[in-house]
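Here's the structure we're looking at; comments come further down.
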Amino acid sequence: MKKNEPVINTALAAYGMSGRVFHAPLLDAHAGFKLHSILQRSKNDARQKYPDLKVVSDYQALLDNEAVELIIVNTPEYLHYEMASQALEAGKHVVLEKAFTPTTSEARQLIDLAQKQAKMLSVFQNSRWHGDFLTIKQVVDHKLLGELVDYEAHYDRYRNYVEENNWKEEPHPGTGVLYNLGSHMIDQVLVLFGWPQSVQADIRIQRPGGKVEDNFELILAYDQLKVTLKSSYLVREPGPRYVLHGSKGSFVKHGADPQEALLKSGRSPLEEGWGQEKKGHWGKINTDINGLHMQGEVETLPGSYLGYYDSIYAAIREGKEPEVKASQAMQVIAIIEAAIKSNKENRKIFLEAPP
């Protein structure tokens with residue numbers, strides 16, 4: 001943030017888990033933003049933590065407030081298109097919680113509207129700022145394993161019940177584990193390897209009484225590289241989070257990025273040592289580099305979700321492209337649509353050029 005440059009007044013469209021745990025603490029910690037307003041239709045608990053916050057009970061009040069420059073649409077996915085459209089038409093910049101929209105058609109319409117309105121549009125793909133992903137990106141970019149042939153990622157949970165009165169458990173457009181956790185995993189793969197040649201998917205409902213998909217396996221094919229993405233709500237004993245194999249070696253990583261747990265416990269991303277991972281979770285590498293056999297641990301780079309909002313600030317105040325472009329987020333949805341088609345038709349879906 002440059003000196004004497006005004007902060008960006010920002011409104012949250014909801015104060016559920018994503019607003020309370022992620023967006024509000026990050027915006028409050030970032031010097032370039034002011035958490036100005038929030039929509040809470042029935043509660044008023046946000047003001048207890050943020051006393052200067054303006055709480056409204058109607059979305060139109062956020063749209064009509066000329067002081068608000070940026071609206072975070074962190075509502076259920078089936079509301080994303082309508083609410084983001086209204087915000088853009090009201091002249092606001094918009095950040096959408098992942099997943100972008102349930103369909104690429106809606107995503108394209110939002111991208112076109114943002115361009116017409118000359119407003120910034122981005123999606124909160126915060127997992128790009130996970131320490132494990134930042135570390136893996138370095139391993140891949142520097143070819144520490146030689147030519148990569150196999151990349152496997154897991155994003156698992158253990159929740160053997162169906163949570164009542166939770167919209168994520170209802171079969172609305174955009175719900176289910178593929179849109180929820182899968183959007184993170186697909187985005188990371190697109191950042192690392194670009195657009196795949198094909199998608200093959202197995203998507204299931206495994207929990208008794210479940211109404212939405214809670215398990216998936218995707219195989220994305222590249223020239224010499226096989227990418228496998230897996231997620232399940234019935235994994236009580238977690239295995240590795242990432243497993244990479246190449247012509248010269250392997251890299252295996254256990255454990256999850258610590259930032260979400262820290263935010264849930266009320267910690268601030270401004271604290272010293274934020275995002276640093278415990279040594280016990282560092283990845284293990286076994287490879288040859290320049291003719292030398294190397295085996296041991298790779299210290300995980302510290303993650304920092306504030307990096308996402310650094311990018312949003314630069315996009316709004318300096319006219320730069322956000323690091324997470326809406327067009328990239330639309331590609332994630334295109335992969336999800338192809339996966340759904342693959343599962344329904346029980347076949348591999350060959351992909352054309354990205355949307």
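Ordering of the structure tokens sets the chain letters (A, B, ...), residue numbers begin anew at 1 in every chain, and ligands are numbered from 1 in the order given.
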Give me the segment 116-170 of chain A side of the contact with segment 245-264 of chain A, cut-off 6 Å, one line per residue showing its nearest atom pair and distance in Å at one decimal, counting only C-alpha atoms, sorted by chain and residue number, as a tab-separated table.
```
residue	atom	partner	partner_atom	distance
A:His130	CA	A:Asp257	CA	5.7
A:Leu145	CA	A:Gly249	CA	4.7
A:Gly146	CA	A:Lys248	CA	4.9
A:Glu147	CA	A:Gly246	CA	5.2
A:Leu148	CA	A:Gly246	CA	4.0
A:Val149	CA	A:Gly246	CA	5.2
A:Asp150	CA	A:His245	CA	5.1
```
Segment 59-74 of chain A surroundings by only C-alpha atoms, 8 Å radius, close-in-sequence under 4 positions cut, as a PyMOL selection string: chain A and resi 8-14+18-19+36-39+80+83-84+86-87+90-97
Written file, previous selection with N, CA, C and O atoms, as an mmCIF file, in the first residue's frame:
```cif
data_model
loop_
_atom_site.group_PDB
_atom_site.id
_atom_site.type_symbol
_atom_site.label_atom_id
_atom_site.label_comp_id
_atom_site.auth_asym_id
_atom_site.auth_seq_id
_atom_site.Cartn_x
_atom_site.Cartn_y
_atom_site.Cartn_z
ATOM 1 N N ILE A 8 -9.468 0.498 0.809
ATOM 2 C CA ILE A 8 -10.602 0.025 0.017
ATOM 3 C C ILE A 8 -11.715 -0.410 0.975
ATOM 4 O O ILE A 8 -11.584 -1.411 1.685
ATOM 5 N N ASN A 9 -12.790 0.356 1.005
ATOM 6 C CA ASN A 9 -13.934 -0.018 1.834
ATOM 7 C C ASN A 9 -14.584 -1.264 1.257
ATOM 8 O O ASN A 9 -14.987 -1.291 0.089
ATOM 9 N N THR A 10 -14.695 -2.291 2.095
ATOM 10 C CA THR A 10 -15.114 -3.604 1.625
ATOM 11 C C THR A 10 -16.309 -4.099 2.423
ATOM 12 O O THR A 10 -16.384 -3.916 3.639
ATOM 13 N N ALA A 11 -17.245 -4.733 1.729
ATOM 14 C CA ALA A 11 -18.426 -5.305 2.361
ATOM 15 C C ALA A 11 -18.441 -6.810 2.180
ATOM 16 O O ALA A 11 -18.036 -7.329 1.136
ATOM 17 N N LEU A 12 -18.912 -7.514 3.196
ATOM 18 C CA LEU A 12 -19.094 -8.963 3.146
ATOM 19 C C LEU A 12 -20.572 -9.274 2.969
ATOM 20 O O LEU A 12 -21.413 -8.726 3.686
ATOM 21 N N ALA A 13 -20.874 -10.165 2.027
ATOM 22 C CA ALA A 13 -22.263 -10.517 1.763
ATOM 23 C C ALA A 13 -22.798 -11.571 2.731
ATOM 24 O O ALA A 13 -23.978 -11.902 2.679
ATOM 25 N N ALA A 14 -21.935 -12.106 3.595
ATOM 26 C CA ALA A 14 -22.371 -13.099 4.579
ATOM 27 C C ALA A 14 -21.309 -13.205 5.670
ATOM 28 O O ALA A 14 -20.142 -12.879 5.459
ATOM 29 N N SER A 18 -16.918 -18.867 5.948
ATOM 30 C CA SER A 18 -15.885 -18.213 5.137
ATOM 31 C C SER A 18 -15.700 -16.754 5.531
ATOM 32 O O SER A 18 -14.591 -16.240 5.511
ATOM 33 N N GLY A 19 -16.796 -16.089 5.883
ATOM 34 C CA GLY A 19 -16.672 -14.695 6.295
ATOM 35 C C GLY A 19 -16.019 -14.543 7.651
ATOM 36 O O GLY A 19 -15.140 -13.706 7.854
ATOM 37 N N HIS A 36 -15.864 -2.574 6.069
ATOM 38 C CA HIS A 36 -16.820 -1.479 6.201
ATOM 39 C C HIS A 36 -18.218 -1.957 6.597
ATOM 40 O O HIS A 36 -18.837 -1.414 7.513
ATOM 41 N N SER A 37 -18.736 -2.956 5.878
ATOM 42 C CA SER A 37 -20.128 -3.377 6.071
ATOM 43 C C SER A 37 -20.242 -4.883 5.947
ATOM 44 O O SER A 37 -19.410 -5.546 5.320
ATOM 45 N N ILE A 38 -21.333 -5.403 6.508
ATOM 46 C CA ILE A 38 -21.592 -6.836 6.405
ATOM 47 C C ILE A 38 -23.092 -7.076 6.384
ATOM 48 O O ILE A 38 -23.860 -6.337 7.016
ATOM 49 N N LEU A 39 -23.496 -8.078 5.637
ATOM 50 C CA LEU A 39 -24.904 -8.456 5.579
ATOM 51 C C LEU A 39 -25.147 -9.595 6.555
ATOM 52 O O LEU A 39 -24.564 -10.672 6.432
ATOM 53 N N HIS A 80 -24.250 -17.093 -6.341
ATOM 54 C CA HIS A 80 -23.111 -16.308 -6.797
ATOM 55 C C HIS A 80 -23.422 -15.457 -8.016
ATOM 56 O O HIS A 80 -23.102 -14.268 -8.056
ATOM 57 N N MET A 83 -25.957 -12.457 -7.268
ATOM 58 C CA MET A 83 -25.435 -11.429 -6.367
ATOM 59 C C MET A 83 -24.219 -10.719 -6.956
ATOM 60 O O MET A 83 -24.066 -9.510 -6.804
ATOM 61 N N ALA A 84 -23.359 -11.459 -7.661
ATOM 62 C CA ALA A 84 -22.201 -10.823 -8.294
ATOM 63 C C ALA A 84 -22.646 -9.912 -9.429
ATOM 64 O O ALA A 84 -22.087 -8.817 -9.613
ATOM 65 N N GLN A 86 -25.461 -8.262 -9.626
ATOM 66 C CA GLN A 86 -26.011 -7.055 -9.011
ATOM 67 C C GLN A 86 -24.899 -6.131 -8.517
ATOM 68 O O GLN A 86 -24.984 -4.902 -8.664
ATOM 69 N N ALA A 87 -23.852 -6.715 -7.934
ATOM 70 C CA ALA A 87 -22.748 -5.899 -7.422
ATOM 71 C C ALA A 87 -22.002 -5.205 -8.558
ATOM 72 O O ALA A 87 -21.665 -4.012 -8.470
ATOM 73 N N ALA A 90 -23.924 -2.417 -9.957
ATOM 74 C CA ALA A 90 -23.935 -1.279 -9.028
ATOM 75 C C ALA A 90 -22.595 -0.554 -9.002
ATOM 76 O O ALA A 90 -22.420 0.396 -8.230
ATOM 77 N N GLY A 91 -21.650 -1.015 -9.818
ATOM 78 C CA GLY A 91 -20.355 -0.340 -9.896
ATOM 79 C C GLY A 91 -19.358 -0.773 -8.849
ATOM 80 O O GLY A 91 -18.414 -0.028 -8.549
ATOM 81 N N LYS A 92 -19.513 -1.975 -8.316
ATOM 82 C CA LYS A 92 -18.595 -2.476 -7.294
ATOM 83 C C LYS A 92 -17.593 -3.454 -7.917
ATOM 84 O O LYS A 92 -17.906 -4.176 -8.867
ATOM 85 N N HIS A 93 -16.395 -3.484 -7.373
ATOM 86 C CA HIS A 93 -15.477 -4.586 -7.636
ATOM 87 C C HIS A 93 -15.991 -5.801 -6.870
ATOM 88 O O HIS A 93 -16.662 -5.661 -5.832
ATOM 89 N N VAL A 94 -15.663 -7.005 -7.358
ATOM 90 C CA VAL A 94 -16.242 -8.213 -6.755
ATOM 91 C C VAL A 94 -15.181 -9.291 -6.575
ATOM 92 O O VAL A 94 -14.412 -9.588 -7.495
ATOM 93 N N VAL A 95 -15.165 -9.884 -5.383
ATOM 94 C CA VAL A 95 -14.466 -11.135 -5.111
ATOM 95 C C VAL A 95 -15.524 -12.172 -4.780
ATOM 96 O O VAL A 95 -16.367 -11.952 -3.906
ATOM 97 N N LEU A 96 -15.499 -13.284 -5.505
ATOM 98 C CA LEU A 96 -16.413 -14.386 -5.252
ATOM 99 C C LEU A 96 -15.697 -15.476 -4.466
ATOM 100 O O LEU A 96 -14.552 -15.810 -4.764
ATOM 101 N N GLU A 97 -16.359 -16.020 -3.473
ATOM 102 C CA GLU A 97 -15.837 -17.207 -2.810
ATOM 103 C C GLU A 97 -15.820 -18.343 -3.828
ATOM 104 O O GLU A 97 -16.637 -18.405 -4.741
#
```
Check the smallest atom-to-atom distance from each of A:Tyr151, A:Tyr50, A:Phe33, A:Trp167 to Gly16 of chain A using only C-alpha atoms, then report the winner. A:Trp167
Report the residues of segment 5-208 of chain A whose backbone DSSP state falls under strand (DSSP E or B), written as a PyMOL selection string. chain A and resi 8-12+33-39+54-56+70-73+93-97+121-124+148-154+158+198-204
Sorted by chain and rising residue number, list the residues of segment 105-207 of chain A at most 12 Å from segment 279-302 of chain A (counting only C-alpha atoms), each with its closest atom pair and distance in Å to one decimal, as CSV.
```
residue,atom,partner,partner_atom,distance
A:Arg128,CA,A:Pro302,CA,12.0
A:Trp129,CA,A:Pro302,CA,8.7
A:His130,CA,A:Pro302,CA,7.7
A:Gly131,CA,A:Pro302,CA,4.9
A:Asp132,CA,A:Thr300,CA,6.0
A:Phe133,CA,A:Leu301,CA,8.7
A:Leu134,CA,A:Leu301,CA,6.5
A:Thr135,CA,A:Leu301,CA,5.6
A:Ile136,CA,A:Thr300,CA,8.8
A:Lys137,CA,A:Leu301,CA,10.4
A:Gln138,CA,A:Leu301,CA,9.6
A:Val139,CA,A:Val298,CA,9.5
A:His142,CA,A:Ile289,CA,10.4
A:Lys143,CA,A:Ile289,CA,9.1
A:Leu144,CA,A:Ile289,CA,6.7
A:Leu145,CA,A:Thr287,CA,6.0
A:Gly146,CA,A:Asp288,CA,8.2
A:Glu147,CA,A:Thr287,CA,11.6
A:Leu148,CA,A:Thr287,CA,11.9
```
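Residue nearest Lys341 of chain A, chosen from A:Leu229, A:Lys320, A:Val199, A:Lys278 and counting only C-alpha atoms: A:Val199.
Between atom CA of Gln197 of chain A and atom CA of Asp156 of chain A lies a distance of 25.6 Å.
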Residue nearest Arg317 of chain A - candidates A:His172, A:Lys119, A:Lys54, A:Lys49, atoms counted: only C-alpha atoms: A:Lys119
